[in-house]
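Here is upload-v6.cif, consisting of mmCIF, C-alpha atoms:
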```cif
data_my_file
loop_
_atom_site.group_PDB
_atom_site.id
_atom_site.type_symbol
_atom_site.label_atom_id
_atom_site.label_comp_id
_atom_site.auth_asym_id
_atom_site.auth_seq_id
_atom_site.Cartn_x
_atom_site.Cartn_y
_atom_site.Cartn_z
ATOM 1 C CA MET A 202 96.016 88.414 71.994
ATOM 2 C CA ARG A 203 95.100 91.592 73.853
ATOM 3 C CA MET A 204 93.217 89.444 76.338
ATOM 4 C CA ASN A 205 96.430 87.512 77.068
ATOM 5 C CA THR A 206 98.266 90.742 77.886
ATOM 6 C CA ILE A 207 95.439 91.823 80.160
ATOM 7 C CA GLY A 208 95.382 88.403 81.843
ATOM 8 C CA LEU A 209 99.126 88.576 82.460
ATOM 9 C CA THR A 210 98.936 92.136 83.804
ATOM 10 C CA ILE A 211 96.007 91.463 86.130
ATOM 11 C CA GLY A 212 97.747 88.270 87.293
ATOM 12 C CA ILE A 213 100.969 90.137 88.122
ATOM 13 C CA LEU A 214 99.091 92.811 90.084
ATOM 14 C CA PHE A 215 96.985 90.186 91.865
ATOM 15 C CA GLY A 216 100.027 88.104 92.848
ATOM 16 C CA ALA A 217 101.909 91.229 93.954
ATOM 17 C CA LEU A 218 99.057 92.394 96.207
ATOM 18 C CA LEU A 219 98.661 88.958 97.798
ATOM 19 C CA ALA A 220 102.402 88.780 98.430
ATOM 20 C CA GLY A 221 102.406 92.299 99.868
ATOM 21 C CA ALA A 222 99.824 91.298 102.466
ATOM 22 C CA GLN A 223 101.811 88.108 103.282
ATOM 23 C CA LEU A 224 98.808 86.014 102.293
ATOM 24 C CA HIS A 225 101.162 83.325 101.012
ATOM 25 C CA GLU A 226 102.397 82.658 104.561
ATOM 26 C CA TYR A 227 100.737 79.841 106.497
ATOM 27 C CA ASP A 228 101.111 81.913 109.668
ATOM 28 C CA THR A 229 99.010 84.786 108.253
ATOM 29 C CA ILE A 230 96.111 82.495 107.320
ATOM 30 C CA HIS A 231 96.400 80.497 110.528
ATOM 31 C CA ALA A 232 96.310 83.648 112.703
ATOM 32 C CA MET A 233 93.246 84.803 110.755
ATOM 33 C CA LEU A 234 91.380 81.529 111.194
ATOM 34 C CA ARG A 235 92.432 81.206 114.846
ATOM 35 C CA LEU A 236 90.790 84.633 115.236
ATOM 36 C CA GLN A 237 94.040 86.086 116.563
ATOM 37 C CA GLU A 238 94.235 88.780 113.921
ATOM 38 C CA ALA A 239 91.474 90.608 112.060
ATOM 39 C CA ASP A 240 93.579 92.134 109.248
ATOM 40 C CA ILE A 241 92.623 89.660 106.553
ATOM 41 C CA TYR A 242 88.909 89.987 107.348
ATOM 42 C CA PHE A 243 89.285 93.751 106.964
ATOM 43 C CA LEU A 244 91.224 93.157 103.760
ATOM 44 C CA MET A 245 88.437 91.020 102.267
ATOM 45 C CA ALA A 246 85.716 93.373 103.469
ATOM 46 C CA SER A 247 87.437 96.450 102.036
ATOM 47 C CA ALA A 248 87.975 94.703 98.680
ATOM 48 C CA ILE A 249 84.225 94.031 98.515
ATOM 49 C CA ALA A 250 83.339 97.491 99.820
ATOM 50 C CA VAL A 251 85.341 99.076 96.983
ATOM 51 C CA SER A 252 84.292 96.755 94.162
ATOM 52 C CA ALA A 253 80.597 96.143 94.889
ATOM 53 C CA PRO A 254 79.384 99.737 94.382
ATOM 54 C CA LEU A 255 81.574 100.240 91.310
ATOM 55 C CA LEU A 256 80.286 97.013 89.743
ATOM 56 C CA TRP A 257 76.750 98.076 90.570
ATOM 57 C CA LEU A 258 77.359 101.404 88.828
ATOM 58 C CA LEU A 259 78.878 99.754 85.727
ATOM 59 C CA GLU A 260 75.912 97.373 85.518
ATOM 60 C CA ARG A 261 73.414 100.169 85.981
ATOM 61 C CA ARG A 262 74.992 102.214 83.227
ATOM 62 C CA ASN A 263 75.027 99.191 80.895
ATOM 63 C CA HIS A 264 78.752 99.568 80.501
ATOM 64 C CA GLN A 265 80.027 98.304 77.153
ATOM 65 C CA THR A 266 83.360 96.585 77.842
ATOM 66 C CA PRO A 267 86.072 96.929 75.162
ATOM 67 C CA LEU A 268 86.728 93.170 74.995
ATOM 68 C CA GLY A 269 83.733 91.332 76.406
ATOM 69 C CA GLY A 270 80.544 92.989 75.235
ATOM 70 C CA ARG A 271 78.061 94.490 77.636
ATOM 71 C CA ILE A 272 78.883 93.917 81.293
ATOM 72 C CA SER A 273 76.949 91.005 82.786
ATOM 73 C CA LEU A 274 77.272 90.262 86.467
ATOM 74 C CA SER A 275 76.093 86.867 87.668
ATOM 75 C CA ARG A 276 73.804 86.311 90.594
ATOM 76 C CA SER A 277 72.748 82.740 91.195
ATOM 77 C CA MET A 278 70.801 81.109 93.954
ATOM 78 C CA PRO A 279 72.693 78.812 96.318
ATOM 79 C CA GLN A 280 72.392 75.111 95.629
ATOM 80 C CA ARG A 281 73.493 72.013 97.479
ATOM 81 C CA HIS A 282 76.855 71.807 95.712
ATOM 82 C CA HIS A 283 77.721 75.342 96.846
ATOM 83 C CA VAL A 284 77.321 74.355 100.491
ATOM 84 C CA LYS A 285 79.098 71.001 100.105
ATOM 85 C CA GLY A 286 81.932 72.509 98.077
ATOM 86 C CA GLY A 287 82.275 75.493 100.387
ATOM 87 C CA ALA A 288 82.375 73.261 103.468
ATOM 88 C CA LEU A 289 85.115 71.051 101.999
ATOM 89 C CA PHE A 290 87.029 74.083 100.769
ATOM 90 C CA GLY A 291 87.067 75.558 104.277
ATOM 91 C CA VAL A 292 88.367 72.349 105.860
ATOM 92 C CA GLY A 293 91.177 72.078 103.310
ATOM 93 C CA TRP A 294 91.961 75.791 103.539
ATOM 94 C CA ALA A 295 92.423 75.500 107.307
ATOM 95 C CA ILE A 296 94.658 72.417 107.067
ATOM 96 C CA ALA A 297 96.799 73.593 104.144
ATOM 97 C CA GLY A 298 96.762 77.211 105.320
ATOM 98 C CA THR A 299 96.582 78.443 101.774
ATOM 99 C CA CYS A 300 94.209 78.702 98.838
ATOM 100 C CA PRO A 301 94.685 78.649 95.064
ATOM 101 C CA ALA A 302 96.197 82.104 94.391
ATOM 102 C CA PRO A 303 98.374 82.434 97.529
ATOM 103 C CA ALA A 304 99.774 78.918 96.905
ATOM 104 C CA LEU A 305 101.335 80.235 93.680
ATOM 105 C CA VAL A 306 102.854 83.189 95.505
ATOM 106 C CA MET A 307 104.147 80.810 98.184
ATOM 107 C CA LEU A 308 105.962 78.982 95.422
ATOM 108 C CA SER A 309 107.482 82.154 93.995
ATOM 109 C CA SER A 310 108.592 83.280 97.460
ATOM 110 C CA GLY A 311 110.922 80.266 97.519
ATOM 111 C CA ALA A 312 108.932 78.086 99.931
ATOM 112 C CA PHE A 313 109.257 74.560 98.535
ATOM 113 C CA LEU A 314 106.143 73.271 100.318
ATOM 114 C CA GLY A 315 104.262 75.590 97.942
ATOM 115 C CA VAL A 316 104.888 72.959 95.242
ATOM 116 C CA ILE A 317 103.111 70.359 97.393
ATOM 117 C CA ALA A 318 100.177 72.725 97.970
ATOM 118 C CA MET A 319 99.912 73.599 94.278
ATOM 119 C CA ALA A 320 100.025 69.912 93.278
ATOM 120 C CA GLY A 321 97.259 69.081 95.757
ATOM 121 C CA ILE A 322 95.038 71.863 94.424
ATOM 122 C CA PHE A 323 95.544 70.651 90.844
ATOM 123 C CA LEU A 324 94.678 67.103 91.938
ATOM 124 C CA GLY A 325 91.570 68.148 93.870
ATOM 125 C CA LEU A 326 90.214 70.255 91.018
ATOM 126 C CA HIS A 327 90.974 67.438 88.578
ATOM 127 C CA LEU A 328 89.192 64.843 90.747
ATOM 128 C CA ASN A 329 86.119 67.048 90.821
ATOM 129 C CA THR A 330 86.191 67.623 87.069
ATOM 130 C CA THR A 331 86.383 63.882 86.338
ATOM 131 C CA ARG A 332 83.692 63.132 88.908
ATOM 132 C CA ALA A 333 81.383 65.672 87.384
ATOM 133 C CA ASN A 334 82.261 64.293 83.938
ATOM 134 C CA GLN A 335 81.745 67.679 82.424
ATOM 135 C CA ALA A 336 83.642 70.168 80.363
ATOM 136 C CA ALA A 337 85.965 72.030 82.709
ATOM 137 C CA PRO A 338 83.814 74.583 84.520
ATOM 138 C CA SER A 339 85.253 78.030 84.655
ATOM 139 C CA GLY A 340 85.034 78.167 88.451
ATOM 140 C CA ASP A 341 85.401 81.506 90.146
ATOM 141 C CA GLY A 342 81.835 82.437 90.732
ATOM 142 C CA GLU A 343 81.410 82.108 86.983
ATOM 143 C CA HIS A 344 78.330 80.071 87.715
ATOM 144 C CA ARG A 345 76.458 81.505 84.787
ATOM 145 C CA GLU A 346 74.844 78.209 83.885
ATOM 146 C CA LEU A 347 72.893 78.205 87.129
ATOM 147 C CA VAL A 348 69.600 79.822 87.977
ATOM 148 C CA THR A 349 69.907 83.576 87.939
ATOM 149 C CA VAL A 350 67.804 85.766 90.171
ATOM 150 C CA ALA A 351 66.496 89.070 88.977
ATOM 151 C CA MET B 633 116.899 92.321 96.027
ATOM 152 C CA PHE B 634 115.848 95.910 96.747
ATOM 153 C CA ASP B 635 114.538 96.801 100.152
ATOM 154 C CA LEU B 636 111.634 98.917 98.953
ATOM 155 C CA LEU B 637 108.576 97.461 100.637
ATOM 156 C CA PRO B 638 107.540 97.114 104.264
ATOM 157 C CA ALA B 639 107.443 93.550 105.598
ATOM 158 C CA ARG B 640 103.708 93.656 105.222
ATOM 159 C CA ILE B 641 101.612 96.116 103.250
ATOM 160 C CA PRO B 642 98.581 97.063 105.382
ATOM 161 C CA TRP B 643 95.115 95.676 104.627
ATOM 162 C CA TYR B 644 93.717 99.124 103.825
ATOM 163 C CA VAL B 645 96.033 99.301 100.839
ATOM 164 C CA VAL B 646 95.825 95.694 99.627
ATOM 165 C CA GLY B 647 92.055 95.267 100.129
ATOM 166 C CA PRO B 648 90.960 98.281 98.061
ATOM 167 C CA GLY B 649 93.684 97.399 95.526
ATOM 168 C CA LEU B 650 92.143 93.945 95.062
ATOM 169 C CA GLY B 651 88.723 95.579 94.780
ATOM 170 C CA LEU B 652 89.942 97.811 91.949
ATOM 171 C CA LEU B 653 91.443 94.778 90.148
ATOM 172 C CA ILE B 654 88.047 93.055 90.272
ATOM 173 C CA VAL B 655 86.415 96.160 88.795
ATOM 174 C CA ALA B 656 89.142 96.542 86.146
ATOM 175 C CA LEU B 657 88.777 92.975 84.841
ATOM 176 C CA PHE B 658 85.002 93.366 84.635
ATOM 177 C CA ALA B 659 85.181 96.836 83.080
ATOM 178 C CA ILE B 660 87.700 95.772 80.422
ATOM 179 C CA ALA B 661 86.699 92.217 79.611
ATOM 180 C CA ASN B 662 83.468 91.378 81.465
ATOM 181 C CA GLN B 663 85.270 88.559 83.277
ATOM 182 C CA PRO B 664 85.256 87.576 86.952
ATOM 183 C CA LEU B 665 88.525 87.521 88.869
ATOM 184 C CA GLY B 666 89.379 84.222 90.511
ATOM 185 C CA ALA B 667 92.126 81.681 90.863
ATOM 186 C CA SER B 668 90.720 78.156 90.721
ATOM 187 C CA GLY B 669 89.513 78.744 87.160
ATOM 188 C CA ALA B 670 93.090 79.599 86.187
ATOM 189 C CA TYR B 671 94.238 76.216 87.551
ATOM 190 C CA ILE B 672 91.554 74.436 85.526
ATOM 191 C CA GLN B 673 92.524 76.258 82.325
ATOM 192 C CA THR B 674 96.237 75.660 82.962
ATOM 193 C CA SER B 675 95.799 71.918 83.467
ATOM 194 C CA GLY B 676 93.539 71.926 80.407
ATOM 195 C CA LEU B 677 96.339 73.471 78.356
ATOM 196 C CA LEU B 678 98.924 71.017 79.743
ATOM 197 C CA ARG B 679 96.663 68.113 78.809
ATOM 198 C CA ARG B 680 96.059 69.711 75.417
ATOM 199 C CA GLY B 681 92.352 69.938 76.024
ATOM 200 C CA ARG B 682 90.007 71.860 73.762
ATOM 201 C CA ASP B 683 88.348 75.182 74.537
ATOM 202 C CA VAL B 684 91.117 76.415 76.823
ATOM 203 C CA ALA B 685 90.849 80.066 77.860
ATOM 204 C CA VAL B 686 94.525 80.766 77.190
ATOM 205 C CA TRP B 687 94.387 84.201 78.795
ATOM 206 C CA ARG B 688 93.681 82.517 82.146
ATOM 207 C CA VAL B 689 96.933 80.573 81.730
ATOM 208 C CA TRP B 690 98.765 83.893 81.227
ATOM 209 C CA TYR B 691 96.954 85.136 84.273
ATOM 210 C CA PHE B 692 98.132 82.027 86.194
ATOM 211 C CA ALA B 693 101.736 82.754 85.164
ATOM 212 C CA GLY B 694 101.227 86.404 86.076
ATOM 213 C CA MET B 695 100.292 85.515 89.664
ATOM 214 C CA ILE B 696 103.589 83.640 90.030
ATOM 215 C CA GLY B 697 105.423 86.573 88.429
ATOM 216 C CA GLY B 698 103.756 89.139 90.689
ATOM 217 C CA GLY B 699 104.676 87.030 93.701
ATOM 218 C CA LEU B 700 108.286 86.887 92.509
ATOM 219 C CA LEU B 701 108.341 90.631 91.982
ATOM 220 C CA VAL B 702 107.261 91.401 95.523
ATOM 221 C CA THR B 703 108.942 88.617 97.484
ATOM 222 C CA ARG B 704 112.226 88.416 95.575
ATOM 223 C CA VAL B 705 112.813 91.723 93.780
ATOM 224 C CA LEU B 706 111.222 94.507 95.816
ATOM 225 C CA THR B 707 111.983 92.980 99.216
ATOM 226 C CA ALA B 708 115.365 92.617 100.885
ATOM 227 C CA ASP B 709 116.948 89.203 100.327
ATOM 228 C CA GLY B 710 115.759 86.529 102.703
ATOM 229 C CA PRO B 711 116.808 82.893 102.597
ATOM 230 C CA GLY B 712 116.984 81.535 99.027
ATOM 231 C CA VAL B 713 114.852 78.441 99.462
ATOM 232 C CA ARG B 714 112.924 77.633 102.602
ATOM 233 C CA SER B 715 110.136 75.253 103.456
ATOM 234 C CA GLY B 716 107.440 77.769 104.338
ATOM 235 C CA TYR B 717 104.730 76.804 106.863
ATOM 236 C CA ASP B 718 106.718 78.129 109.838
ATOM 237 C CA SER B 719 104.319 77.375 112.708
ATOM 238 C CA LEU B 720 103.141 74.092 111.153
ATOM 239 C CA ARG B 721 106.812 73.031 110.964
ATOM 240 C CA ASP B 722 107.194 73.915 114.651
ATOM 241 C CA ALA B 723 104.270 71.654 115.547
ATOM 242 C CA PHE B 724 105.061 68.686 113.269
ATOM 243 C CA PRO B 725 108.106 67.038 111.669
ATOM 244 C CA LEU B 726 108.520 67.519 107.927
ATOM 245 C CA TRP B 727 107.433 63.957 107.083
ATOM 246 C CA ALA B 728 104.046 64.760 108.634
ATOM 247 C CA VAL B 729 103.776 68.288 107.216
ATOM 248 C CA VAL B 730 104.072 67.126 103.591
ATOM 249 C CA PRO B 731 101.013 64.805 103.620
ATOM 250 C CA LEU B 732 99.062 67.327 105.730
ATOM 251 C CA VAL B 733 99.651 70.094 103.211
ATOM 252 C CA PHE B 734 99.033 67.813 100.237
ATOM 253 C CA GLY B 735 95.868 66.339 101.742
ATOM 254 C CA GLY B 736 94.527 69.721 102.795
ATOM 255 C CA ALA B 737 95.270 71.186 99.374
ATOM 256 C CA THR B 738 93.534 68.281 97.619
ATOM 257 C CA ILE B 739 90.421 68.735 99.772
ATOM 258 C CA LEU B 740 90.316 72.472 99.127
ATOM 259 C CA GLY B 741 90.856 71.951 95.400
ATOM 260 C CA TYR B 742 88.003 69.447 95.252
ATOM 261 C CA GLY B 743 85.778 71.781 97.272
ATOM 262 C CA ALA B 744 86.613 74.763 95.068
ATOM 263 C CA GLY B 745 85.714 72.732 92.005
ATOM 264 C CA LEU B 746 82.421 71.594 93.516
ATOM 265 C CA ALA B 747 81.524 75.091 94.727
ATOM 266 C CA GLY B 748 82.574 76.674 91.418
ATOM 267 C CA GLY B 749 85.110 79.025 92.965
ATOM 268 C CA CYS B 750 87.437 79.776 95.835
ATOM 269 C CA THR B 751 88.348 82.618 98.180
ATOM 270 C CA SER B 752 88.852 85.064 95.322
ATOM 271 C CA GLY B 753 86.153 83.872 92.912
ATOM 272 C CA HIS B 754 83.334 83.504 95.412
ATOM 273 C CA GLY B 755 84.718 85.245 98.487
ATOM 274 C CA LEU B 756 85.640 88.510 96.810
ATOM 275 C CA CYS B 757 84.422 88.666 93.210
ATOM 276 C CA GLY B 758 81.154 86.738 93.585
ATOM 277 C CA THR B 759 80.181 88.518 96.766
ATOM 278 C CA ALA B 760 80.973 91.883 95.170
ATOM 279 C CA GLN B 761 78.502 90.966 92.403
ATOM 280 C CA ARG B 762 75.927 90.392 95.149
ATOM 281 C CA SER B 763 75.523 86.740 94.227
ATOM 282 C CA PRO B 764 73.557 84.835 96.902
ATOM 283 C CA ALA B 765 75.394 81.643 95.910
ATOM 284 C CA SER B 766 78.786 83.279 96.432
ATOM 285 C CA ALA B 767 77.767 84.733 99.783
ATOM 286 C CA THR B 768 76.584 81.263 100.838
ATOM 287 C CA VAL B 769 79.847 79.628 99.745
ATOM 288 C CA THR B 770 81.864 82.321 101.523
ATOM 289 C CA LEU B 771 80.015 82.059 104.840
ATOM 290 C CA THR B 772 80.210 78.256 104.621
ATOM 291 C CA PHE B 773 83.960 78.077 104.022
ATOM 292 C CA LEU B 774 84.742 80.698 106.636
ATOM 293 C CA SER B 775 82.727 78.704 109.206
ATOM 294 C CA THR B 776 84.269 75.316 108.453
ATOM 295 C CA ALA B 777 87.775 76.815 108.213
ATOM 296 C CA ILE B 778 87.506 78.489 111.615
ATOM 297 C CA ALA B 779 86.003 75.321 113.148
ATOM 298 C CA THR B 780 88.754 73.149 111.621
ATOM 299 C CA THR B 781 91.472 75.518 112.846
ATOM 300 C CA PHE B 782 90.153 75.383 116.402
ATOM 301 C CA ALA B 783 89.801 71.588 116.179
ATOM 302 C CA LEU B 784 93.474 71.384 115.113
ATOM 303 C CA HIS B 785 94.407 73.707 117.948
ATOM 304 C CA VAL B 786 92.743 71.406 120.480
ATOM 305 C CA ALA B 787 93.998 68.200 118.828
ATOM 306 C CA THR B 788 97.615 69.390 118.932
ATOM 307 C CA GLY B 789 97.329 70.313 122.592
ATOM 308 C CA GLY B 790 97.513 74.011 121.801
ATOM 309 C CA SER B 791 100.765 73.911 119.824
ATOM 310 C CA LEU B 792 99.024 74.996 116.626
#
```

File written out as structure tokens:
Amino acid sequence: MRMNTIGLTIGILFGALLAGAQLHEYDTIHAMLRLQEADIYFLMASAIAVSAPLLWLLERRNHQTPLGGRISLSRSMPQRHHVKGGALFGVGWAIAGTCPAPALVMLSSGAFLGVIAMAGIFLGLHLNTTRANQAAPSGDGEHRELVTVA
Amino acid sequence: MFDLLPARIPWYVVGPGLGLLIVALFAIANQPLGASGAYIQTSGLLRRGRDVAVWRVWYFAGMIGGGLLVTRVLTADGPGVRSGYDSLRDAFPLWAVVPLVFGGATILGYGAGLAGGCTSGHGLCGTAQRSPASATVTLTFLSTAIATTFALHVATGGSL
């Protein structure tokens, strides 16, 4: 129950930040990938620059999370499916000019093509899940079933 | 509704803000922040599957709500409904844009599933955990996305 509230809150903040940076606009992503504008690269780099050291510190201090036990970051070695999946993801990202979270914000901004993008993402994820014939993976770098490096 | 926000909040506010969200979700619940997982859990719930992480469905709804808040409530009123994809619409008629967007989105969804994450899950959260797999996925998708964008630029005679 508390986890649902936290999920909703984090989701609202996440969607709001993406919308604030205009990441739901095709033109923003296209200008980034055409290398006409560096803002979104700086955005991604600064997100990592802020979170990586704080996560490192939490891990080092064996932080006990209120809802999920001791903090456990995942570090797995790249495998073939990471490269294949990443390559396909990039091609689709460039064509559709959006990715899973911004597509939802595109929808809420009133852009009706956001529905088409969202439907395609659902279909693509579903096709992969049926192909893999596995219980739905959690996605999101939650690759905890894979080989972990020390 | 209200005209409270600039047209675009600068990267040096949004980027660190996203970084703090990643840290918050780990610090509170030991969970990675991502988006494709939320799609998987949401379709799982719609298909009444078992073992659905319901909080990720709330999180999915939250992203839509947060988008509404910024684009419709805190920003001055724009057009009610529009198509989106401004420069793609300039380059192609709508009947071509729809299958392009749908096809592209299907490919990226499939790729995100295969890679186990997307721009947020691997690109931000996985890389921030110093996962070699996430860094590999991120460098791979950035490379193919830039290459595809330039290929489209050439193929459309420079109109895209």

Original post:
Residues picked by the PyMOL selection byres ((chain B and resi 708-713) around 8) here, as a list in words?
Top reply: Gly311, Ala312 and Phe313 of chain A; Met633, Phe634, Asp635, Leu636, Arg704, Val705, Leu706, Thr707, Arg714 and Ser715 of chain B

**OP:** Show which residues sit within 12 Å of B:Ala659, as JSON, numbers by chain. Count all atoms listed in the file, and ignore same-chain residues fewer than 4 positions away.
**Re:** {"A": [207, 252, 255, 256, 257, 258, 259, 260, 262, 263, 264, 265, 266, 267, 268, 269, 270, 271, 272, 273, 274], "B": [652, 653, 654, 655, 663, 664, 665]}

So that I have them on file, write out the residues from the current selection with C-alpha atoms, as a PDB file, in the frame of the given file.
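Generated file (part_33.pdb):
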```
ATOM      1  CA  ILE A 207      95.439  91.823  80.160  1.00  0.00           C
ATOM      2  CA  SER A 252      84.292  96.755  94.162  1.00  0.00           C
ATOM      3  CA  LEU A 255      81.574 100.240  91.310  1.00  0.00           C
ATOM      4  CA  LEU A 256      80.286  97.013  89.743  1.00  0.00           C
ATOM      5  CA  TRP A 257      76.750  98.076  90.570  1.00  0.00           C
ATOM      6  CA  LEU A 258      77.359 101.404  88.828  1.00  0.00           C
ATOM      7  CA  LEU A 259      78.878  99.754  85.727  1.00  0.00           C
ATOM      8  CA  GLU A 260      75.912  97.373  85.518  1.00  0.00           C
ATOM      9  CA  ARG A 262      74.992 102.214  83.227  1.00  0.00           C
ATOM     10  CA  ASN A 263      75.027  99.191  80.895  1.00  0.00           C
ATOM     11  CA  HIS A 264      78.752  99.568  80.501  1.00  0.00           C
ATOM     12  CA  GLN A 265      80.027  98.304  77.153  1.00  0.00           C
ATOM     13  CA  THR A 266      83.360  96.585  77.842  1.00  0.00           C
ATOM     14  CA  PRO A 267      86.072  96.929  75.162  1.00  0.00           C
ATOM     15  CA  LEU A 268      86.728  93.170  74.995  1.00  0.00           C
ATOM     16  CA  GLY A 269      83.733  91.332  76.406  1.00  0.00           C
ATOM     17  CA  GLY A 270      80.544  92.989  75.235  1.00  0.00           C
ATOM     18  CA  ARG A 271      78.061  94.490  77.636  1.00  0.00           C
ATOM     19  CA  ILE A 272      78.883  93.917  81.293  1.00  0.00           C
ATOM     20  CA  SER A 273      76.949  91.005  82.786  1.00  0.00           C
ATOM     21  CA  LEU A 274      77.272  90.262  86.467  1.00  0.00           C
TER      22      LEU A 274
ATOM     23  CA  LEU B 652      89.942  97.811  91.949  1.00  0.00           C
ATOM     24  CA  LEU B 653      91.443  94.778  90.148  1.00  0.00           C
ATOM     25  CA  ILE B 654      88.047  93.055  90.272  1.00  0.00           C
ATOM     26  CA  VAL B 655      86.415  96.160  88.795  1.00  0.00           C
ATOM     27  CA  GLN B 663      85.270  88.559  83.277  1.00  0.00           C
ATOM     28  CA  PRO B 664      85.256  87.576  86.952  1.00  0.00           C
ATOM     29  CA  LEU B 665      88.525  87.521  88.869  1.00  0.00           C
TER      30      LEU B 665
END
```

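This file, filtered with the PyMOL selection byres ((chain B and resi 772-779) around 9), gives the residues Met233, Leu234, Arg235, Leu236, His283, Val284, Lys285, Gly286, Gly287, Ala288, Leu289, Phe290, Gly291, Val292, Gly293, Trp294, Ala295 and Ile296 of chain A; Thr751, Ala767, Thr768, Val769, Thr770, Leu771, Thr780, Thr781, Phe782, Ala783 and Leu784 of chain B.
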
Original post:
So how many Å separate atom CA of A:Leu326 and atom CA of B:Gly745, to one decimal?
Top reply: 5.2 Å

**OP:** Using only C-alpha atoms, find the one residue out of A:Gly298, A:Gly321, A:Pro254, A:Pro303 that sits nearest to chain B.
**Re:**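 When distances to chain B are compared using only C-alpha atoms, the smallest one comes from A:Gly321.
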
Subject >> One-decimal distance in Å that lies between atom CA of B:Tyr691 and atom CA of A:Gly208 >> reply: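 Pair atom CA of A:Gly208 / atom CA of B:Tyr691 returns 4.4 Å.
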
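Note that the spacing between atom CA of B:Pro764 and atom CA of A:Ala239 amounts to 24.2 Å.
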
Original post:
Which residues match the PyMOL selection byres ((chain B and resi 752) around 9) in the file above, as a ChimeraX atom specification?
Top reply: /A:301-302,341-342 /B:665-668,749-751,753-758

Subject >> Contacts of stretch 729-732 of chain B at 7 Å (only C-alpha atoms; same-chain gap of 4+ positions) as a ChimeraX atom specification >> reply: /A:296-297 /B:721,724-725,736

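Compared by their closest atoms to B:Ile641, and using only C-alpha atoms, the residues A:Val316, A:Leu214, A:Leu209, A:Leu224 rank with A:Leu224 nearest.
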
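Using all atoms listed in the file, the protein and nucleic acid residues lying no more than 7 Å from B:Gly647, apart from those fewer than 5 places from it along its own chain, are Leu244, Met245, Ser247 and Ala248 of chain A.
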
**OP:** Counting only C-alpha atoms, find the residues whose atoms lie at most 10 Å from (91.3, 69.7, 95.5) (file coordinates) and write them out as a VMD selection string.
**Re:** (chain A and resid 289 to 290 293 301 318 to 329) or (chain B and resid 668 734 to 746)

Stretch 695-701 of chain B, all listed atoms, 5 Å padding on each side: what axis-aligned box centre and edge lengths in Å to one decimal come out, as AutoDock Vina command-line options?
```
--center_x 104.3 --center_y 87.1 --center_z 91.1 --size_x 18.0 --size_y 17.0 --size_z 15.3
```

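Of the residues under consideration (B:Val702, B:Ala670, B:Trp727, B:Gly748), B:Ala670 shows the shortest atom-to-atom contact distance to B:Trp687 when counting all atoms listed in the file.
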